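K.L.:
Got a structure here, written out as structure tokens. Questions coming.
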Amino acid sequence: MTEKRWLVLILSLFMLLGAAYTMITPVFEASDELWHYPMVQHLADGNPLPVQVFDPALAGPWKQEASQPPLYYALAAALTFWIDTSDMSWVRWENPHVDNGIITVDGNINLTIHDPAWNPWQGTLLAVRLVRLFSVLLGAVTVTLTYLIAREVEPHRPEIRLGATAVNAFLPMFIFISASVNNDNLAIPLASLALLLMIRMVNRRLSVVGNGYIVHRLPLTVYGLYWLLIGVVIGLAVLTKEGTFGLFPIALGTAFVSQWQASDVRRHQPGPMTAYRVRPYLITFAKTILVFLGMMVPVVMIAGWWYGRNLQLYGDFLGWNAFIAVLGQRAHPASLAQLWSERRGFMMAYWGLFGGVNVPMAAWIYTVLNSLLLASVAGFVVYAAKKVRDWRLEVKEMPFTVRSLFPALLNLVERYFALIVCLLFATAVVVGLIQWATTTWSSQGRLVFTALSSLTVLLVVGLVGWLPRRPASWLVAGASTFLFGVALMAPFLWIRPSYQPPQFDAPPERMAAFFGDALMLVGYEVTPTAVQPGDTLWVTLAWQVMQPMDRPWSIFVHLNDPVLERPIAQRDMYPGQGLRPTSLLLPGERVVTRHVLTVPATAVAPADLALTVGLYDFVTDERLPVTESDLPVQQAAVTLATLPLTAVPGNTPNPLSIQFEKGFELVGYTLSPRRAPPGAAVDLTLYWQLHGVLNEDYTFFAQVVDKETTRWASMDLPVPTSQWPVGRPQPVPLALTLQTDTPPEVYPVIIGLYTLSAGGDFQRLQRITADGRPTDDFLELTLLRVD
């Protein structure tokens with residue numbers, strides 16, 4: 001089969017897969033589509049751009065996406081303005097209990113509710129699917145551009161360019177994003193097109209002549225128009241997504257290389273090379289700046305108004321302050337070590353993590369793909385070393401002598417310009433994401449898709465570029481076929497089943513509890529019947545629908561502490577594991593729900609915990625009354641069982657094991673009393689243990705805070721930790737005195753430790769998770785009731 005036919009086949013298969021993902025993935029169940037589409041609808045209805053507010057509760061249905069550049073939304077609005085989408089307010093029915101971005105064992109991962117009675121070919125549902133299909137077309141453009149970029153990188157290796165095309169086309173996460181409403185779908189092809197134009201600016205001016213190169217001079221008019229075209233594409237890109245800003249340094253570098261090419265044509269021709277002179281390079285630098293400024297003219301004309309608007313409205317050129325205010329941010333800026341510890345989730349979201357970043361593929365698939373990536377990284381080192389070696393041999397064979405490092409490096413850049421551009425742009429995008437992820441919870445591989453064409457080319461080059469053509473062809477074919485198989489299975493094995501209510505075996509029907517006159521709890525099963533801190537509790541409930549309900553009641557399962565009279569663990573969701581609100585249930589139906597609760601590792605033991613079940617309205621917090629029950633009833637909830645909570649073995653009160661940086665381990669604590677009036681004294685004793693010799697002293701803190709982080713009691717205690725023995729628990733007493741005006745409520749008690757830097761800044765130690773990841777710089781230890 002000819003190369004052209006292979007390309008057509010790959011594009012055709014991508015389009016078919018994209019169409020399948022478009023139809024199978026429920027509307028609003030793709031990454032951030034729930035907030036991207038309201039921007040489209042808002043513009044399609046003829047409204048001006050919304051102004052981002054800094055209060056998440058008032059941000060509107062688009063949330064943080066109002067801070068995104070608007071080009072993609074405007075194009076999608078132009079495509080769907082003729083559709084009546086007045087039904088969006090009820091079709092976009094959010095699941096208030098969704099575990100967004102969290103992989104769960106008991107479901108509840110749907111972002112929205114999907115009524116099977118809705119017509120998928122009208123109103124908002126139709127508009128979303130049309131925009132999705134438009135995005136798939138944009139994805140096909142990206143795949144084509146990846147092929148063209150790979151051809152510039154390796155013009156004589158068809159297996160590499162076809163392999164890069166196939167890997168891009170069959171990457172499950174790329175297909176999933178392409179089949180959704182997401183501004184990445186326009187940003188990716190625009191960034192790829194800008195890279196291709198810049199690569200061709202340099203590559204297409206070179207011709208091989210013997211052992212050297214000839215630079216073809218372009219007419220000044222053609223050269224200027226080409227740079228204006230690059231400026232237009234970059235302008236469109238930054239009007240789509242700010243993640244394309246990495247194109248600017250690439251453009252500046254391209255301008256310099258292209259000017260350097262034209263500055264001394266004789267350098268590429270046989271004959272002696274002239275001596276190094278400073279003046280020609282200064283002239284080249286000056287011309288580079290002029291070219292770059294000329295390119296910026298269309299960029300400013302196209303996108304300047306948007307960034308000026310950001311500056312005027314938010315006092316921030318990029319509008320990130322408003323974006324972060326709505327999106328939220330980490331409690332503690334992430335270090336590189338913490339970001340590295342999040343690599344597993346990052347790579348899952350690169351290969352394929354569907355839904356609200358909570359629908360994974362089989363674990364072995366990630367293992368295979370990550371192994372290919374590691375092999376590619378190692379292979380790229382071999383490939384790059386081979387290229388540098390070939391370049392050095394060719395330089396030695398040239399009739400002229402390279403007299404300085406700078407022109408030698410420029411010669412290397414020129415020779416492998418396409419490869420270097422891919423490497424630099426991919427690096428720029430990754431570095432930009434690292435900076436962003438230090439502040440926000442954004443360790444998702446899909447967020448580097450702006451550089452997907454470059455990343456895919458580099459992946460395939462590293463995988464097979466160092467191999468002979470025949471084994472390279474077989475390896476590329478195998479990797480591409482594997483990806484295609486995974487992409488083909490994903491909608492049917494993982495995406496569709498995640499949005500179908502699961503069928504559980506019904507527990508024994510051993511009781512009856514009536515909630516109102518509409519719903520009856522007829523059976524339950526609890527496993528295990530006794531727990532320790534850190535244990536997982538499985539609760540299965542069997543329900544009988546008696547009457548139709550016009551309100552979406554939520555089921556709650558609470559594990560209540562008798563002292564606090566509040567739950568220390570709970571699980572709230574709609575029936576059907578979040579998929580079937582009670583207003584969609586029909587009389588006569590039997591529904592089985594399963595709820596998984598985790599007892600906090602810091603729970604106070606021993607204790608007798610009450611396991612209760614009930615229903616409430618999420619909007620009003622009103623509970624559905626229990627009208628009749630065979631089991632005890634308290635506060636419109638049925639008590640299923642009383643579970644004994646026993647402490648885990650240990651040598652301290654409330655033994656536990658929570659790691660902090662610098663080898664600190666919290667191994668136990670006491671809090672007395674756990675229920676106190678305003679103004680009362682509360683004694684907290686923490687038991688810490690060191691795992692290594694420490695040369696610094698630290699200050700320990702404890703705070704009683706509310707949701708707004710108002711401190712109602714606090715204490716900081718300097719401790720000579722440098723004198724502590726290793727491996728022996730040390731008590732740290734902290735006396736907390738509640739303020740006299742502390743409102744009656746149940747408050748979290750947070751603890752941590754810090755030291756002061758030479759500049760007087762607080763440097764808190766981060767908590768280390770069980771799998772070794774640094775996380776927050778505090779611990780929510782337990783609860784305190786004030787009444």
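Ligands are numbered from 1 in the order shown, chains are lettered A, B, ... in the order of the structure tokens, and residues start at 1 in each chain.
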Tell me, as a VMD selection string, which residues lie within 12 Å of Gln547 (chain A), counting only C-alpha atoms; anything in the same chain fewer than 6 positions away does not count.

P.N.:
chain A and resid 514 to 520 582 to 589

K.L.:
Go ahead and write the selection's residues with all heavy atoms as a short mmCIF file (atom, residue, chain, number, x, y, z; two decimals), in the first residue's frame.

P.N.:
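New file result.cif:
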```cif
data_model
loop_
_atom_site.label_atom_id
_atom_site.label_comp_id
_atom_site.auth_asym_id
_atom_site.auth_seq_id
_atom_site.Cartn_x
_atom_site.Cartn_y
_atom_site.Cartn_z
N PHE A 514 -40.04 2.99 56.06
CA PHE A 514 -40.73 3.82 55.07
C PHE A 514 -40.24 5.27 55.18
O PHE A 514 -40.28 5.87 56.27
CB PHE A 514 -42.24 3.77 55.29
CG PHE A 514 -42.85 2.43 54.97
CD1 PHE A 514 -42.88 1.43 55.92
CD2 PHE A 514 -43.37 2.18 53.70
CE1 PHE A 514 -43.44 0.19 55.63
CE2 PHE A 514 -43.94 0.94 53.40
CZ PHE A 514 -43.96 -0.06 54.37
N PHE A 515 -39.81 5.79 54.06
CA PHE A 515 -39.41 7.20 53.97
C PHE A 515 -40.50 7.93 53.20
O PHE A 515 -40.65 7.75 51.99
CB PHE A 515 -38.06 7.34 53.26
CG PHE A 515 -36.90 6.79 54.06
CD1 PHE A 515 -36.58 5.45 54.01
CD2 PHE A 515 -36.15 7.63 54.88
CE1 PHE A 515 -35.52 4.94 54.75
CE2 PHE A 515 -35.10 7.13 55.62
CZ PHE A 515 -34.78 5.77 55.56
N GLY A 516 -41.26 8.75 53.97
CA GLY A 516 -42.44 9.34 53.37
C GLY A 516 -43.39 8.23 52.95
O GLY A 516 -43.47 7.17 53.58
N ASP A 517 -44.07 8.45 51.87
CA ASP A 517 -44.94 7.39 51.34
C ASP A 517 -44.43 6.90 49.98
O ASP A 517 -45.15 6.26 49.24
CB ASP A 517 -46.38 7.90 51.20
CG ASP A 517 -46.46 9.12 50.27
OD1 ASP A 517 -45.39 9.62 49.84
OD2 ASP A 517 -47.59 9.56 49.98
N ALA A 518 -43.13 7.23 49.69
CA ALA A 518 -42.63 6.97 48.34
C ALA A 518 -41.56 5.89 48.28
O ALA A 518 -41.44 5.20 47.27
CB ALA A 518 -42.07 8.26 47.74
N LEU A 519 -40.75 5.73 49.34
CA LEU A 519 -39.60 4.84 49.25
C LEU A 519 -39.53 4.00 50.51
O LEU A 519 -39.73 4.50 51.63
CB LEU A 519 -38.32 5.67 49.09
CG LEU A 519 -37.11 5.01 48.44
CD1 LEU A 519 -37.44 4.54 47.02
CD2 LEU A 519 -35.95 6.00 48.38
N MET A 520 -39.22 2.71 50.32
CA MET A 520 -39.12 1.79 51.46
C MET A 520 -37.77 1.07 51.41
O MET A 520 -37.39 0.52 50.38
CB MET A 520 -40.26 0.77 51.44
CG MET A 520 -40.18 -0.25 52.58
SD MET A 520 -41.63 -1.32 52.71
CE MET A 520 -41.59 -2.15 51.12
N THR A 582 -34.00 10.02 42.52
CA THR A 582 -35.30 9.43 42.86
C THR A 582 -36.42 9.94 41.97
O THR A 582 -37.42 9.25 41.77
CB THR A 582 -35.65 9.74 44.33
OG1 THR A 582 -35.58 11.16 44.53
CG2 THR A 582 -34.67 9.06 45.27
N SER A 583 -36.27 11.14 41.40
CA SER A 583 -37.33 11.67 40.52
C SER A 583 -37.41 10.91 39.20
O SER A 583 -38.38 11.08 38.46
CB SER A 583 -37.08 13.15 40.25
OG SER A 583 -35.78 13.36 39.74
N LEU A 584 -36.43 10.07 38.90
CA LEU A 584 -36.47 9.26 37.67
C LEU A 584 -36.89 7.82 37.94
O LEU A 584 -37.05 7.04 37.01
CB LEU A 584 -35.09 9.25 36.99
CG LEU A 584 -34.54 10.59 36.51
CD1 LEU A 584 -33.20 10.38 35.81
CD2 LEU A 584 -35.53 11.29 35.59
N LEU A 585 -37.08 7.47 39.23
CA LEU A 585 -37.47 6.11 39.57
C LEU A 585 -38.97 5.92 39.36
O LEU A 585 -39.76 6.85 39.54
CB LEU A 585 -37.10 5.79 41.01
CG LEU A 585 -35.61 5.90 41.37
CD1 LEU A 585 -35.40 5.59 42.85
CD2 LEU A 585 -34.78 4.97 40.50
N LEU A 586 -39.34 4.69 39.03
CA LEU A 586 -40.74 4.37 38.75
C LEU A 586 -41.32 3.50 39.85
O LEU A 586 -40.62 2.66 40.43
CB LEU A 586 -40.86 3.64 37.41
CG LEU A 586 -40.33 4.39 36.18
CD1 LEU A 586 -40.40 3.50 34.94
CD2 LEU A 586 -41.10 5.68 35.97
N PRO A 587 -42.60 3.68 40.17
CA PRO A 587 -43.24 2.84 41.20
C PRO A 587 -43.10 1.36 40.86
O PRO A 587 -43.24 0.95 39.71
CB PRO A 587 -44.70 3.30 41.17
CG PRO A 587 -44.65 4.69 40.63
CD PRO A 587 -43.53 4.71 39.65
N GLY A 588 -42.80 0.56 41.88
CA GLY A 588 -42.63 -0.87 41.69
C GLY A 588 -41.18 -1.30 41.47
O GLY A 588 -40.88 -2.49 41.55
N GLU A 589 -40.30 -0.35 41.20
CA GLU A 589 -38.90 -0.70 40.97
C GLU A 589 -38.22 -1.15 42.25
O GLU A 589 -38.50 -0.65 43.33
CB GLU A 589 -38.13 0.51 40.41
CG GLU A 589 -38.24 0.70 38.92
CD GLU A 589 -37.21 1.70 38.40
OE1 GLU A 589 -36.06 1.28 38.17
OE2 GLU A 589 -37.57 2.88 38.26
#
```

K.L.:
I'd like the contact shell of region 714-723 of chain A - 8 Å cut-off, only C-alpha atoms, skipping same-chain residues fewer than 2 positions apart - returned as a ChimeraX atom specification.

P.N.:
/A:693-704,711-712,725,734-737

K.L.:
Residues as selected, N, CA and C atoms, written as a PDB file, in the first residue's frame, can you do that?

P.N.:
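Writing done, so here's out.pdb:
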```
ATOM      1  N   VAL A 693      18.381  11.168  62.632  1.00  0.00           N
ATOM      2  CA  VAL A 693      18.930  12.263  63.426  1.00  0.00           C
ATOM      3  C   VAL A 693      18.559  13.597  62.780  1.00  0.00           C
ATOM      4  N   LEU A 694      18.151  14.539  63.601  1.00  0.00           N
ATOM      5  CA  LEU A 694      17.698  15.844  63.126  1.00  0.00           C
ATOM      6  C   LEU A 694      18.578  16.930  63.737  1.00  0.00           C
ATOM      7  N   ASN A 695      18.992  17.869  62.915  1.00  0.00           N
ATOM      8  CA  ASN A 695      19.868  18.950  63.384  1.00  0.00           C
ATOM      9  C   ASN A 695      19.124  20.261  63.624  1.00  0.00           C
ATOM     10  N   GLU A 696      17.816  20.267  63.337  1.00  0.00           N
ATOM     11  CA  GLU A 696      17.047  21.502  63.475  1.00  0.00           C
ATOM     12  C   GLU A 696      15.976  21.332  64.546  1.00  0.00           C
ATOM     13  N   ASP A 697      15.584  22.461  65.118  1.00  0.00           N
ATOM     14  CA  ASP A 697      14.447  22.490  66.035  1.00  0.00           C
ATOM     15  C   ASP A 697      13.224  22.992  65.282  1.00  0.00           C
ATOM     16  N   TYR A 698      12.058  22.422  65.621  1.00  0.00           N
ATOM     17  CA  TYR A 698      10.824  22.770  64.936  1.00  0.00           C
ATOM     18  C   TYR A 698       9.782  23.255  65.923  1.00  0.00           C
ATOM     19  N   THR A 699       8.848  24.019  65.392  1.00  0.00           N
ATOM     20  CA  THR A 699       7.716  24.512  66.169  1.00  0.00           C
ATOM     21  C   THR A 699       6.469  23.746  65.752  1.00  0.00           C
ATOM     22  N   PHE A 700       5.747  23.203  66.728  1.00  0.00           N
ATOM     23  CA  PHE A 700       4.517  22.457  66.464  1.00  0.00           C
ATOM     24  C   PHE A 700       3.319  23.385  66.680  1.00  0.00           C
ATOM     25  N   PHE A 701       2.303  23.214  65.844  1.00  0.00           N
ATOM     26  CA  PHE A 701       1.122  24.066  65.987  1.00  0.00           C
ATOM     27  C   PHE A 701      -0.143  23.218  65.944  1.00  0.00           C
ATOM     28  N   ALA A 702      -1.174  23.752  66.574  1.00  0.00           N
ATOM     29  CA  ALA A 702      -2.518  23.174  66.522  1.00  0.00           C
ATOM     30  C   ALA A 702      -3.507  24.319  66.444  1.00  0.00           C
ATOM     31  N   GLN A 703      -4.554  24.133  65.651  1.00  0.00           N
ATOM     32  CA  GLN A 703      -5.549  25.186  65.451  1.00  0.00           C
ATOM     33  C   GLN A 703      -6.941  24.573  65.387  1.00  0.00           C
ATOM     34  N   VAL A 704      -7.897  25.274  65.948  1.00  0.00           N
ATOM     35  CA  VAL A 704      -9.315  24.951  65.782  1.00  0.00           C
ATOM     36  C   VAL A 704      -9.870  25.982  64.805  1.00  0.00           C
ATOM     37  N   ARG A 711      -9.662  31.180  63.043  1.00  0.00           N
ATOM     38  CA  ARG A 711      -9.092  30.426  64.162  1.00  0.00           C
ATOM     39  C   ARG A 711      -9.856  30.746  65.449  1.00  0.00           C
ATOM     40  N   TRP A 712     -10.426  29.704  66.049  1.00  0.00           N
ATOM     41  CA  TRP A 712     -11.140  29.884  67.308  1.00  0.00           C
ATOM     42  C   TRP A 712     -10.294  29.426  68.493  1.00  0.00           C
ATOM     43  N   PRO A 725      15.626  11.584  70.688  1.00  0.00           N
ATOM     44  CA  PRO A 725      16.214  10.305  70.265  1.00  0.00           C
ATOM     45  C   PRO A 725      15.473   9.754  69.055  1.00  0.00           C
ATOM     46  N   LEU A 734      -0.059  20.456  73.753  1.00  0.00           N
ATOM     47  CA  LEU A 734      -0.519  21.728  73.197  1.00  0.00           C
ATOM     48  C   LEU A 734      -1.828  22.100  73.893  1.00  0.00           C
ATOM     49  N   ALA A 735      -1.824  23.185  74.621  1.00  0.00           N
ATOM     50  CA  ALA A 735      -3.013  23.633  75.345  1.00  0.00           C
ATOM     51  C   ALA A 735      -3.783  24.627  74.479  1.00  0.00           C
ATOM     52  N   LEU A 736      -5.011  24.283  74.138  1.00  0.00           N
ATOM     53  CA  LEU A 736      -5.861  25.130  73.297  1.00  0.00           C
ATOM     54  C   LEU A 736      -6.958  25.745  74.157  1.00  0.00           C
ATOM     55  N   THR A 737      -7.144  27.046  74.042  1.00  0.00           N
ATOM     56  CA  THR A 737      -8.215  27.731  74.760  1.00  0.00           C
ATOM     57  C   THR A 737      -9.169  28.335  73.746  1.00  0.00           C
TER      58      THR A 737
END
```

K.L.:
Which residue out of A:Thr481, A:Thr450, A:Gln261, A:Thr612 has the minimum interatomic distance to Ala194 (chain A) when only C-alpha atoms are used?

P.N.:
A:Thr450

K.L.:
Skip Val128 (chain A) itself and residues of its chain fewer than 6 positions away, then list as a short mmCIF file (atom, residue, chain, number, x, y, z; two decimals) with N, CA, C and O atoms, in the first residue's frame all residues within 8 Å of it, counting only C-alpha atoms.

P.N.:
```
data_model
loop_
_atom_site.label_atom_id
_atom_site.label_comp_id
_atom_site.auth_asym_id
_atom_site.auth_seq_id
_atom_site.Cartn_x
_atom_site.Cartn_y
_atom_site.Cartn_z
N VAL A 27 -23.34 13.24 26.97
CA VAL A 27 -23.10 14.68 26.93
C VAL A 27 -22.72 15.19 28.32
O VAL A 27 -23.31 14.78 29.33
N TYR A 37 -19.00 24.04 27.34
CA TYR A 37 -20.15 24.29 26.48
C TYR A 37 -20.99 25.49 26.89
O TYR A 37 -21.48 26.23 26.01
N VAL A 181 -16.38 18.91 23.70
CA VAL A 181 -16.34 20.36 23.58
C VAL A 181 -15.21 20.86 24.48
O VAL A 181 -15.33 20.86 25.70
#
```

K.L.:
Which one is closest to Arg623 (chain A): A:Gln635, A:Asn108, A:Gln532, A:Thr25? Count only C-alpha atoms.

P.N.:
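Nearest to Arg623 (chain A): A:Gln635.
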
K.L.:
Might you pull out every residue within 10 Å of Gly356 (chain A), with only C-alpha atoms counted and same-chain residues fewer than 4 positions away left off, and present them as an mmCIF file with C-alpha atoms, in the first residue's frame?

P.N.:
```
data_model
loop_
_atom_site.group_PDB
_atom_site.id
_atom_site.type_symbol
_atom_site.label_atom_id
_atom_site.label_comp_id
_atom_site.auth_asym_id
_atom_site.auth_seq_id
_atom_site.Cartn_x
_atom_site.Cartn_y
_atom_site.Cartn_z
ATOM 1 C CA PHE A 28 -21.160 16.653 29.567
ATOM 2 C CA GLU A 29 -19.211 13.557 30.657
ATOM 3 C CA ALA A 30 -15.981 14.583 28.919
ATOM 4 C CA SER A 31 -13.186 16.497 30.629
ATOM 5 C CA ASP A 32 -14.448 20.019 31.473
ATOM 6 C CA GLU A 33 -17.134 19.884 28.768
ATOM 7 C CA LEU A 34 -19.627 20.710 31.508
ATOM 8 C CA VAL A 98 -19.838 13.441 41.974
ATOM 9 C CA ASP A 99 -16.326 12.249 42.751
ATOM 10 C CA ASN A 100 -14.764 14.441 40.087
ATOM 11 C CA GLY A 101 -11.176 13.447 39.347
ATOM 12 C CA ILE A 102 -11.333 10.546 41.817
ATOM 13 C CA ILE A 103 -11.362 6.877 40.842
ATOM 14 C CA ILE A 109 -18.435 9.244 38.907
ATOM 15 C CA ASN A 110 -21.023 10.811 36.566
ATOM 16 C CA LEU A 111 -20.754 14.591 36.325
#
```

K.L.:
Which of these residues is nearest to Glu414 (chain A), using only C-alpha atoms: A:Arg674, A:Arg279, A:Lys63, A:Arg200?

P.N.:
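Of A:Arg674, A:Arg279, A:Lys63, A:Arg200, the one nearest Glu414 (chain A) is A:Arg200, counting only C-alpha atoms.
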
K.L.:
I'd like to know which of A:Gly663, A:Gly650, A:Gly679, A:Gly614 is closest to Leu765 (chain A), using only C-alpha atoms.

P.N.:
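Checking each of A:Gly663, A:Gly650, A:Gly679, A:Gly614 against Leu765 (chain A), counting only C-alpha atoms, the winner is A:Gly663.
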
K.L.:
From a backbone DSSP assignment, name each residue in region 545-745 of chain A labelled strand (DSSP E or B), as number ranges by chain.

P.N.:
A: 545, 553-561, 566-573, 590-598, 607-617, 623, 626-629, 633, 638-645, 658-660, 664-672, 675-676, 681-690, 698-705, 711-719, 726, 730-737, 745

K.L.:
Name the closest residue to Asp776 (chain A) among the candidates A:Ala78, A:Ile750, A:Leu521, A:Met348; distances are taken between atoms, counting only C-alpha atoms.

P.N.:
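Under the stated criterion, the closest residue is A:Ile750.
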
K.L.:
Which residues are near region 168-170 of chain A? Cut-off 6 Å, only C-alpha atoms, ignore same chain within fewer than 5 positions. Put them as a list in words.

P.N.:
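Using only C-alpha atoms, the neighbours found are Phe14, Val143, Leu483 and Phe484 of chain A.
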
K.L.:
Restricting it to C-alpha atoms, dump the selection as a CSV table (one decimal), in the first residue's frame.

P.N.:
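Listed below is the output, selection_31.csv:
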```
chain,number,residue,atom,x,y,z
A,14,PHE,CA,-9.5,8.3,13.4
A,143,VAL,CA,-3.2,14.2,12.8
A,483,LEU,CA,-3.1,1.6,20.4
A,484,PHE,CA,-5.8,1.2,17.8
```
